[in-house]
$ cat model28.pdb   # PDB, C-alpha atoms
ATOM      1  CA  MET A1490       0.000   0.000   0.000  1.00  0.00           C
ATOM      2  CA  VAL A1491       1.014   3.548  -0.666  1.00  0.00           C
ATOM      3  CA  GLY A1492      -1.185   5.443   1.719  1.00  0.00           C
ATOM      4  CA  ASP A1493      -4.584   3.912   1.028  1.00  0.00           C
ATOM      5  CA  ARG A1494      -3.808   2.838  -2.565  1.00  0.00           C
ATOM      6  CA  PRO A1495      -2.589  -0.639  -3.534  1.00  0.00           C
ATOM      7  CA  PHE A1496       0.975  -0.529  -4.925  1.00  0.00           C
ATOM      8  CA  ARG A1497       0.952  -3.955  -6.591  1.00  0.00           C
ATOM      9  CA  PRO A1498      -0.483  -7.425  -6.002  1.00  0.00           C
ATOM     10  CA  VAL A1499       1.132  -9.126  -3.020  1.00  0.00           C
ATOM     11  CA  TYR A1500       1.349 -12.896  -3.226  1.00  0.00           C
ATOM     12  CA  ARG A1501       3.601 -15.816  -2.349  1.00  0.00           C
ATOM     13  CA  ALA A1502       6.213 -15.216  -5.087  1.00  0.00           C
ATOM     14  CA  LEU A1503       7.289 -12.045  -3.285  1.00  0.00           C
ATOM     15  CA  TRP A1504       8.541 -13.863  -0.163  1.00  0.00           C
ATOM     16  CA  ASP A1505       9.017 -17.480  -1.227  1.00  0.00           C
ATOM     17  CA  PRO A1506      12.030 -17.824  -3.559  1.00  0.00           C
ATOM     18  CA  ASP A1507      11.333 -21.483  -4.364  1.00  0.00           C
ATOM     19  CA  TYR A1508       7.821 -20.570  -5.458  1.00  0.00           C
ATOM     20  CA  ARG A1509       9.181 -17.703  -7.588  1.00  0.00           C
ATOM     21  CA  VAL A1510      11.762 -19.939  -9.261  1.00  0.00           C
ATOM     22  CA  ARG A1511       9.013 -22.428 -10.173  1.00  0.00           C
ATOM     23  CA  GLU A1512       6.721 -19.628 -11.323  1.00  0.00           C
ATOM     24  CA  ILE A1513       9.221 -18.022 -13.698  1.00  0.00           C
ATOM     25  CA  GLY A1514      10.306 -21.468 -14.880  1.00  0.00           C
ATOM     26  CA  THR A1515       6.800 -22.107 -16.201  1.00  0.00           C
ATOM     27  CA  LYS A1516       7.220 -18.989 -18.343  1.00  0.00           C
ATOM     28  CA  GLY A1517      10.603 -20.090 -19.748  1.00  0.00           C
ATOM     29  CA  VAL A1518      12.585 -17.538 -17.722  1.00  0.00           C
ATOM     30  CA  ASP A1519      15.999 -18.732 -16.528  1.00  0.00           C
ATOM     31  CA  VAL A1520      17.276 -15.619 -14.741  1.00  0.00           C
ATOM     32  CA  GLN A1521      15.613 -12.757 -12.896  1.00  0.00           C
ATOM     33  CA  ILE A1522      17.291  -9.528 -11.882  1.00  0.00           C
ATOM     34  CA  VAL A1523      16.416  -8.719  -8.298  1.00  0.00           C
ATOM     35  CA  CYS A1524      15.950  -5.076  -7.433  1.00  0.00           C
ATOM     36  CA  ALA A1525      14.168  -3.207  -4.699  1.00  0.00           C
ATOM     37  CA  THR A1526      11.014  -1.476  -5.818  1.00  0.00           C
ATOM     38  CA  PRO A1527      10.979   2.333  -5.572  1.00  0.00           C
ATOM     39  CA  ILE A1528       8.673   2.193  -2.574  1.00  0.00           C
ATOM     40  CA  MET A1529      11.495   0.466  -0.665  1.00  0.00           C
ATOM     41  CA  PHE A1530      14.097   3.159  -1.422  1.00  0.00           C
ATOM     42  CA  GLY A1531      13.008   5.200   1.585  1.00  0.00           C
ATOM     43  CA  TYR A1532      12.234   8.422  -0.252  1.00  0.00           C
ATOM     44  CA  ALA A1533       9.847   9.413   2.537  1.00  0.00           C
ATOM     45  CA  TRP A1534      12.497   8.815   5.228  1.00  0.00           C
ATOM     46  CA  GLU A1535      14.866  11.346   6.725  1.00  0.00           C
ATOM     47  CA  ALA A1536      17.963  11.385   4.462  1.00  0.00           C
ATOM     48  CA  SER A1537      20.419  10.044   7.057  1.00  0.00           C
ATOM     49  CA  LYS A1538      18.107   7.149   7.926  1.00  0.00           C
ATOM     50  CA  ALA A1539      17.532   6.271   4.269  1.00  0.00           C
ATOM     51  CA  ALA A1540      21.252   6.403   3.470  1.00  0.00           C
ATOM     52  CA  ASP A1541      22.157   4.200   6.427  1.00  0.00           C
ATOM     53  CA  LEU A1542      19.311   1.701   6.598  1.00  0.00           C
ATOM     54  CA  GLY A1543      17.913   1.488   3.091  1.00  0.00           C
ATOM     55  CA  PRO A1544      20.716  -0.213   1.130  1.00  0.00           C
ATOM     56  CA  ARG A1545      22.048  -2.223   4.075  1.00  0.00           C
ATOM     57  CA  ARG A1546      18.618  -3.531   5.040  1.00  0.00           C
ATOM     58  CA  MET A1547      17.752  -4.504   1.457  1.00  0.00           C
ATOM     59  CA  ASN A1548      21.081  -6.292   0.937  1.00  0.00           C
ATOM     60  CA  GLU A1549      20.822  -8.193   4.213  1.00  0.00           C
ATOM     61  CA  LYS A1550      17.263  -9.303   3.456  1.00  0.00           C
ATOM     62  CA  ALA A1551      18.192 -10.367  -0.073  1.00  0.00           C
ATOM     63  CA  ASP A1552      21.164 -12.355   1.225  1.00  0.00           C
ATOM     64  CA  ARG A1553      19.036 -14.221   3.788  1.00  0.00           C
ATOM     65  CA  LEU A1554      16.183 -14.873   1.367  1.00  0.00           C
ATOM     66  CA  LEU A1555      18.200 -15.935  -1.668  1.00  0.00           C
ATOM     67  CA  ALA A1556      21.197 -17.726  -0.156  1.00  0.00           C
ATOM     68  CA  PRO A1557      19.435 -21.132   0.103  1.00  0.00           C
ATOM     69  CA  VAL A1558      18.168 -20.899  -3.464  1.00  0.00           C
ATOM     70  CA  ILE A1559      21.541 -19.863  -4.868  1.00  0.00           C
ATOM     71  CA  ARG A1560      23.353 -22.647  -2.987  1.00  0.00           C
ATOM     72  CA  SER A1561      20.967 -25.265  -4.377  1.00  0.00           C
ATOM     73  CA  ALA A1562      21.298 -24.043  -7.989  1.00  0.00           C
TER      74      ALA A1562
END
$ encode --input "model28.pdb" --output "structure tokens"
Amino acid sequence: MVGDRPFRPVYRALWDPDYRVREIGTKGVDVQIVCATPIMFGYAWEASKAADLGPRRMNEKADRLLAPVIRSA
């Protein structure tokens, strides 16, 4: 949500990497580039907080989420 407006559909592929790998596989996709969505960049945050927490938090979460999938590939 952005305020009271939906930003995009939220479903299992957003937090379950195994599900996402299967999902894109059914569409013939072998590789996906992972990038934070603009809503996660922290534009509404105080600049010092966004600069410190934004990139670090996103990288740490990506590492924890994707490490098992990458190791099994």
$ atom_distance --input "model28.pdb" --atom1 "CA of Arg1553 (chain A)" --atom2 "CA of Cys1524 (chain A)"
14.8 Å
$ closest_residue --input "model28.pdb" --among "A:Ala1536, A:Val1499, A:Val1510, A:Ala1551" --to "Val1523 (chain A)" --atoms "only C-alpha atoms"
A:Ala1551
$ residues_around --input "model28.pdb" --residues "Val1558 (chain A)" --least-positions-apart "5" --cutoff "12 Å" --atoms "only C-alpha atoms" --output "MDAnalysis selection string"
chainID A and resid 1505:1511 1551:1553
$ axis_aligned_box --input "model28.pdb" --around "region 1503-1519 of chain A" --padding-each-side "3 Å" --output "JSON"
{"center_x": 11.4, "center_y": -17.2, "center_z": -10.0, "size_x": 15.3, "size_y": 16.4, "size_z": 25.6}
$ atom_distance --input "model28.pdb" --atom1 "CA of Phe1530 (chain A)" --atom2 "CA of Leu1555 (chain A)"
19.5 Å
$ atom_distance --input "model28.pdb" --atom1 "CA of Arg1501 (chain A)" --atom2 "CA of Arg1560 (chain A)"
20.9 Å
$ closest_residue --input "model28.pdb" --among "A:Leu1503, A:Ala1556, A:Ile1513, A:Met1547" --to "Pro1527 (chain A)" --atoms "only C-alpha atoms"
A:Met1547
$ closest_residue --input "model28.pdb" --among "A:Gly1514, A:Trp1504, A:Arg1494, A:Ala1540" --to "Leu1554 (chain A)" --atoms "all atoms listed in the file"
A:Trp1504
$ decode --input "model28.pdb" --residues "region 1535-1561 of chain A" --atoms "N, CA, C and O atoms" --output "compact mmCIF listing (two decimals), in the first residue's frame"
# COMPACT_ATOMS: atom_id res chain seq x y z
N GLU A 1535 13.82 10.34 6.51
CA GLU A 1535 14.87 11.35 6.72
C GLU A 1535 16.11 10.85 5.98
O GLU A 1535 16.42 9.66 5.98
N ALA A 1536 16.84 11.76 5.34
CA ALA A 1536 17.96 11.39 4.46
C ALA A 1536 19.00 10.51 5.16
O ALA A 1536 19.45 9.50 4.60
N SER A 1537 19.39 10.83 6.37
CA SER A 1537 20.42 10.04 7.06
C SER A 1537 19.93 8.62 7.34
O SER A 1537 20.70 7.67 7.25
N LYS A 1538 18.67 8.49 7.68
CA LYS A 1538 18.11 7.15 7.93
C LYS A 1538 18.06 6.34 6.63
O LYS A 1538 18.44 5.17 6.61
N ALA A 1539 17.62 6.97 5.56
CA ALA A 1539 17.53 6.27 4.27
C ALA A 1539 18.91 5.85 3.79
O ALA A 1539 19.09 4.74 3.30
N ALA A 1540 19.90 6.71 3.93
CA ALA A 1540 21.25 6.40 3.47
C ALA A 1540 21.87 5.27 4.28
O ALA A 1540 22.59 4.43 3.74
N ASP A 1541 21.57 5.22 5.57
CA ASP A 1541 22.16 4.20 6.43
C ASP A 1541 21.40 2.87 6.35
O ASP A 1541 22.00 1.82 6.16
N LEU A 1542 20.09 2.93 6.48
CA LEU A 1542 19.31 1.70 6.60
C LEU A 1542 18.85 1.12 5.27
O LEU A 1542 18.78 -0.10 5.13
N GLY A 1543 18.50 1.97 4.33
CA GLY A 1543 17.91 1.49 3.09
C GLY A 1543 18.74 0.42 2.38
O GLY A 1543 18.34 -0.74 2.29
N PRO A 1544 19.92 0.78 1.88
CA PRO A 1544 20.72 -0.21 1.13
C PRO A 1544 21.15 -1.40 1.99
O PRO A 1544 21.09 -2.54 1.54
N ARG A 1545 21.57 -1.13 3.22
CA ARG A 1545 22.05 -2.22 4.08
C ARG A 1545 20.92 -3.20 4.36
O ARG A 1545 21.08 -4.42 4.26
N ARG A 1546 19.76 -2.67 4.72
CA ARG A 1546 18.62 -3.53 5.04
C ARG A 1546 18.22 -4.38 3.83
O ARG A 1546 17.97 -5.57 3.96
N MET A 1547 18.15 -3.76 2.66
CA MET A 1547 17.75 -4.50 1.46
C MET A 1547 18.77 -5.59 1.12
O MET A 1547 18.40 -6.71 0.77
N ASN A 1548 20.05 -5.29 1.23
CA ASN A 1548 21.08 -6.29 0.94
C ASN A 1548 21.04 -7.45 1.92
O ASN A 1548 21.17 -8.61 1.54
N GLU A 1549 20.88 -7.13 3.21
CA GLU A 1549 20.82 -8.19 4.21
C GLU A 1549 19.61 -9.10 3.99
O GLU A 1549 19.71 -10.32 4.08
N LYS A 1550 18.47 -8.50 3.70
CA LYS A 1550 17.26 -9.30 3.46
C LYS A 1550 17.42 -10.16 2.21
O LYS A 1550 17.05 -11.33 2.19
N ALA A 1551 17.98 -9.60 1.16
CA ALA A 1551 18.19 -10.37 -0.07
C ALA A 1551 19.14 -11.52 0.17
O ALA A 1551 18.91 -12.64 -0.30
N ASP A 1552 20.22 -11.28 0.91
CA ASP A 1552 21.16 -12.35 1.22
C ASP A 1552 20.48 -13.50 1.97
O ASP A 1552 20.66 -14.67 1.62
N ARG A 1553 19.70 -13.17 3.00
CA ARG A 1553 19.04 -14.22 3.79
C ARG A 1553 18.00 -14.98 2.96
O ARG A 1553 17.87 -16.19 3.06
N LEU A 1554 17.26 -14.26 2.14
CA LEU A 1554 16.18 -14.87 1.37
C LEU A 1554 16.71 -15.75 0.23
O LEU A 1554 16.22 -16.83 -0.01
N LEU A 1555 17.74 -15.26 -0.45
CA LEU A 1555 18.20 -15.93 -1.67
C LEU A 1555 19.33 -16.93 -1.47
O LEU A 1555 19.54 -17.78 -2.32
N ALA A 1556 20.05 -16.84 -0.37
CA ALA A 1556 21.20 -17.73 -0.16
C ALA A 1556 20.84 -19.21 -0.32
O ALA A 1556 21.54 -19.93 -1.03
N PRO A 1557 19.75 -19.70 0.28
CA PRO A 1557 19.44 -21.13 0.10
C PRO A 1557 19.14 -21.50 -1.35
O PRO A 1557 19.50 -22.58 -1.81
N VAL A 1558 18.51 -20.62 -2.07
CA VAL A 1558 18.17 -20.90 -3.46
C VAL A 1558 19.42 -20.90 -4.32
O VAL A 1558 19.61 -21.77 -5.17
N ILE A 1559 20.30 -19.95 -4.09
CA ILE A 1559 21.54 -19.86 -4.87
C ILE A 1559 22.42 -21.06 -4.60
O ILE A 1559 23.00 -21.65 -5.51
N ARG A 1560 22.51 -21.49 -3.34
CA ARG A 1560 23.35 -22.65 -2.99
C ARG A 1560 22.84 -23.92 -3.65
O ARG A 1560 23.61 -24.81 -3.99
N SER A 1561 21.53 -24.03 -3.83
CA SER A 1561 20.97 -25.27 -4.38
C SER A 1561 20.99 -25.26 -5.90
O SER A 1561 20.70 -26.28 -6.53
